[in-house]
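All remarks here apply to the structure that follows.
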Amino acid sequence: MAIDISQYKCEFCGKTATNILFAAFVCDDPECIEKARITRGGPGGHMKRKAEGKPIIPEEVNDE
Ligand SMILES: [Zn+2]
């Protein structure tokens, strides 16, 4: 089942999300993409979440 990304907002600026990168919803803004990359610890970040038994798709991302 496909996810309708447009129903989600960019986690960093609040605009409508257009991408899921590193298990974060982000827009097309390169700054947000970079933030997602850093926040998730790079390409392996979502695999780390998975290894910890957390959902890959972030429902709530307030655990910083
Ligand atoms: Zn954004």
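The way I read the labels, and the way they are meant: chains A, B, ... in the order of the structure tokens, residue 1 as the first residue of every chain, and ligand 1 as the first ligand shown, with later ones counted on from there.
With only C-alpha atoms taken into account, the protein and nucleic acid residues at most 10 Å from stretch 7-9 of chain A (excluding it and anything under 2 positions from it in its own chain) are Ile3, Asp4, Ile5, Glu11, Phe12, Cys13, Gly14, Lys15, Thr16, Ala17, Thr18, Asn19, Ile20, Ala24, Phe25, Val26, Cys27 and Glu59 of chain A.
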One decimal, Å: what's the distance from atom CA of A:Phe22 over to atom CA of A:Thr39, could you say?
8.7 Å
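Among the candidates A:Arg40, A:Leu21, A:Ala2, A:Cys32, the one nearest to ligand 1 when counting only C-alpha atoms and all ligand atoms is A:Cys32.
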